[in-house]
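Student: Just passing along the structure, written as structure tokens.
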Amino acid sequence: MPELPEVETIARALREGGRGAGPIVHARVRSACVLWPPTVAEPGPRAFERLAQGRVITGVARRGKYLLLHLDAGWTALVHLRMSGDLQVLPTEAMLPRHTRLYWDLDDGRRLVFDDPRKFGRWWLTQNPQSILAPLGPEPLAPDFTPQALAQRLRGRRARLKALLLDQRVIAGIGNIYADEALHRAGLHPLRPANTLSPDEIAALWQALRQVLQEGIARNGASIDWMYRGGEFQNEFRVYGRAGQLCYTCGTPIQRVRVAQRSTHFCPRCQPWPSE
DNA sequence: CCTGAAACCTGTCTGC
DNA sequence: TGCAGACAGGTTTCAG
């Protein structure tokens, strides 16, 4: 599910209310319960339960694909949803979702639930979130992420464009869907070595990245298959998941190749290999 | 620096 | 209906 727009959608719902629940800011954690210990990366599961107890949630933020739950006393819970994680706010008496890995009971009769079928998601409870977030590249929607900033991140890199877009140290928050969609909108072949882009091509990529992420957020993210979560951006896909179907722009069949272990979708005509 | 493979997991879908 | 295989929005680690 979760790339930047999906995580932003969840953060916004927790901060301002939405998805059928009010905001969790100002609520106090009455107790914490870890059902699948490997979910907690730091500290150990029992310490996590003990340290979370009694904390007040003071704010909710996002950095890349990480969700930040700011707590009082200098603590922060970092959540990474990975492939299948989801956060929900439910009444304490509601039945737990089938794949609940941990939950916080709040002092207002609600429960913050982390549901994660594939068990890849991770939580950290720390007083030094920077120690985990430091390697991340710039936020692509921040005002200082200019075309020049993007050019600087790609400079001297010979790796394929698609691989670099997925590298969180290069830019934070881009995943497989938004990488493919941005490359199509920019008219760039996913296998292009990053250091072969002209300034115009970098500007086009910058524009496409911002546009696709902003539109994703505006549509509350994308919903796919059984991982439905209420977003609508899947209706705007031009290449992702459309292998063999015709490009909306030129009618050429969309191709699928494997890049950096990930399915990569592109239009061979709109995203030509430069050599002709 | 770069690529690919494997590992961490469960669920869904397709084809035989 | 059963079953094998492929596939899935992510990241880390390791070999070459």
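Residues are named by chain letter and number: chains run A, B, ... in the order of the structure tokens, numbers start at 1 in each chain, and ligands are numbered from 1 in the order shown.
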What lies within 7 Å of DG9 of chain C using only C-alpha atoms (C1' of nucleotides), ignoring chain neighbours under 2 positions off, as a PyMOL selection string?
Tutor: chain A and resi 1-3+83+176-177
Student: Could the residues in this selection be written to a file with C-alpha atoms, as a short mmCIF file (atom, residue, chain, number, x, y, z; two decimals), in the first residue's frame?
Tutor:
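File produced: selection_22.cif:
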```
data_model
loop_
_atom_site.label_atom_id
_atom_site.label_comp_id
_atom_site.auth_asym_id
_atom_site.auth_seq_id
_atom_site.Cartn_x
_atom_site.Cartn_y
_atom_site.Cartn_z
CA MET A 1 0.00 0.00 0.00
CA PRO A 2 2.19 2.51 1.36
CA GLU A 3 4.18 5.04 -0.57
CA MET A 83 4.16 -3.82 2.12
CA ASN A 176 7.11 1.24 -7.28
CA ILE A 177 3.80 2.76 -8.37
#
```
Student: Within 12 Å of DG5 of chain C, counting only C-alpha atoms (C1' of nucleotides), which residues show up once you throw out same-chain ones fewer than 3 positions away? Write them as a list in words, please.
Tutor: DC13, DT14, DG15 and DC16 of chain B
Student: Any idea which chain B residues end up within 9 Å of chain A if we count only C-alpha atoms (C1' of nucleotides), as JSON, numbers by chain please?
Tutor: {"B": [1, 2, 3, 4, 5, 8, 9, 10, 11, 12]}
Student: With a cut-off of 9 Å and counting only C-alpha atoms (C1' of nucleotides), select all residues of chain C in contact with chain A and give the selection as a ChimeraX atom specification.
Tutor: /C:8-11
Student: Just list the residues in segment 74-116 of chain A DSSP gives strand (DSSP E or B) on the backbone, as a PyMOL selection string.
Tutor: chain A and resi 76-80+86-91+100-106+110-115
Student: If you run DSSP on the backbone here, which positions in segment 71-170 of chain A get alpha helix (DSSP H)? Please write them as a PyMOL selection string.
Tutor: chain A and resi 130-133+147-154+161-166
Student: Put those residues in a file: N, CA and C atoms, as a PDB file, in the first residue's frame.
Tutor:
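Dumped everything to result_7.pdb:
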```
ATOM      1  N   GLN A 130      16.168  10.739  14.729  1.00  0.00           N
ATOM      2  CA  GLN A 130      17.159  11.056  13.700  1.00  0.00           C
ATOM      3  C   GLN A 130      18.075   9.872  13.421  1.00  0.00           C
ATOM      4  N   SER A 131      18.312   9.070  14.452  1.00  0.00           N
ATOM      5  CA  SER A 131      19.210   7.928  14.261  1.00  0.00           C
ATOM      6  C   SER A 131      18.641   6.961  13.226  1.00  0.00           C
ATOM      7  N   ILE A 132      17.324   6.979  13.050  1.00  0.00           N
ATOM      8  CA  ILE A 132      16.698   6.074  12.077  1.00  0.00           C
ATOM      9  C   ILE A 132      16.426   6.803  10.753  1.00  0.00           C
ATOM     10  N   LEU A 133      16.098   8.080  10.838  1.00  0.00           N
ATOM     11  CA  LEU A 133      15.687   8.825   9.641  1.00  0.00           C
ATOM     12  C   LEU A 133      16.855   9.462   8.893  1.00  0.00           C
ATOM     13  N   PRO A 147      14.255  21.589  -9.054  1.00  0.00           N
ATOM     14  CA  PRO A 147      14.860  20.789 -10.125  1.00  0.00           C
ATOM     15  C   PRO A 147      16.378  20.694  -9.962  1.00  0.00           C
ATOM     16  N   GLN A 148      16.975  21.764  -9.447  1.00  0.00           N
ATOM     17  CA  GLN A 148      18.423  21.738  -9.215  1.00  0.00           C
ATOM     18  C   GLN A 148      18.782  20.725  -8.130  1.00  0.00           C
ATOM     19  N   ALA A 149      17.920  20.649  -7.106  1.00  0.00           N
ATOM     20  CA  ALA A 149      18.173  19.683  -6.035  1.00  0.00           C
ATOM     21  C   ALA A 149      18.094  18.261  -6.582  1.00  0.00           C
ATOM     22  N   LEU A 150      17.115  18.015  -7.459  1.00  0.00           N
ATOM     23  CA  LEU A 150      16.995  16.689  -8.075  1.00  0.00           C
ATOM     24  C   LEU A 150      18.232  16.398  -8.928  1.00  0.00           C
ATOM     25  N   ALA A 151      18.641  17.388  -9.716  1.00  0.00           N
ATOM     26  CA  ALA A 151      19.833  17.206 -10.560  1.00  0.00           C
ATOM     27  C   ALA A 151      21.046  16.848  -9.711  1.00  0.00           C
ATOM     28  N   GLN A 152      21.141  17.500  -8.573  1.00  0.00           N
ATOM     29  CA  GLN A 152      22.275  17.244  -7.687  1.00  0.00           C
ATOM     30  C   GLN A 152      22.250  15.820  -7.141  1.00  0.00           C
ATOM     31  N   ARG A 153      21.035  15.311  -6.852  1.00  0.00           N
ATOM     32  CA  ARG A 153      20.920  13.938  -6.330  1.00  0.00           C
ATOM     33  C   ARG A 153      21.289  12.910  -7.391  1.00  0.00           C
ATOM     34  N   LEU A 154      21.076  13.243  -8.668  1.00  0.00           N
ATOM     35  CA  LEU A 154      21.315  12.268  -9.742  1.00  0.00           C
ATOM     36  C   LEU A 154      22.719  12.391 -10.332  1.00  0.00           C
ATOM     37  N   LEU A 161      17.562   4.878 -13.858  1.00  0.00           N
ATOM     38  CA  LEU A 161      16.647   5.842 -13.243  1.00  0.00           C
ATOM     39  C   LEU A 161      15.681   5.181 -12.262  1.00  0.00           C
ATOM     40  N   LYS A 162      15.045   4.108 -12.711  1.00  0.00           N
ATOM     41  CA  LYS A 162      14.044   3.459 -11.857  1.00  0.00           C
ATOM     42  C   LYS A 162      14.647   3.014 -10.537  1.00  0.00           C
ATOM     43  N   ALA A 163      15.845   2.428 -10.612  1.00  0.00           N
ATOM     44  CA  ALA A 163      16.489   1.956  -9.386  1.00  0.00           C
ATOM     45  C   ALA A 163      16.780   3.118  -8.438  1.00  0.00           C
ATOM     46  N   LEU A 164      17.210   4.239  -8.973  1.00  0.00           N
ATOM     47  CA  LEU A 164      17.524   5.382  -8.114  1.00  0.00           C
ATOM     48  C   LEU A 164      16.274   5.985  -7.497  1.00  0.00           C
ATOM     49  N   LEU A 165      15.191   6.025  -8.268  1.00  0.00           N
ATOM     50  CA  LEU A 165      13.950   6.584  -7.717  1.00  0.00           C
ATOM     51  C   LEU A 165      13.448   5.753  -6.539  1.00  0.00           C
ATOM     52  N   LEU A 166      13.748   4.452  -6.559  1.00  0.00           N
ATOM     53  CA  LEU A 166      13.304   3.585  -5.468  1.00  0.00           C
ATOM     54  C   LEU A 166      14.246   3.644  -4.271  1.00  0.00           C
TER      55      LEU A 166
END
```
Student: Enter the distance from atom CA of Thr249 of chain A to atom CA of Cys267 of chain A, in Å, rounded to one decimal.
Tutor: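 The value is 9.2 Å.
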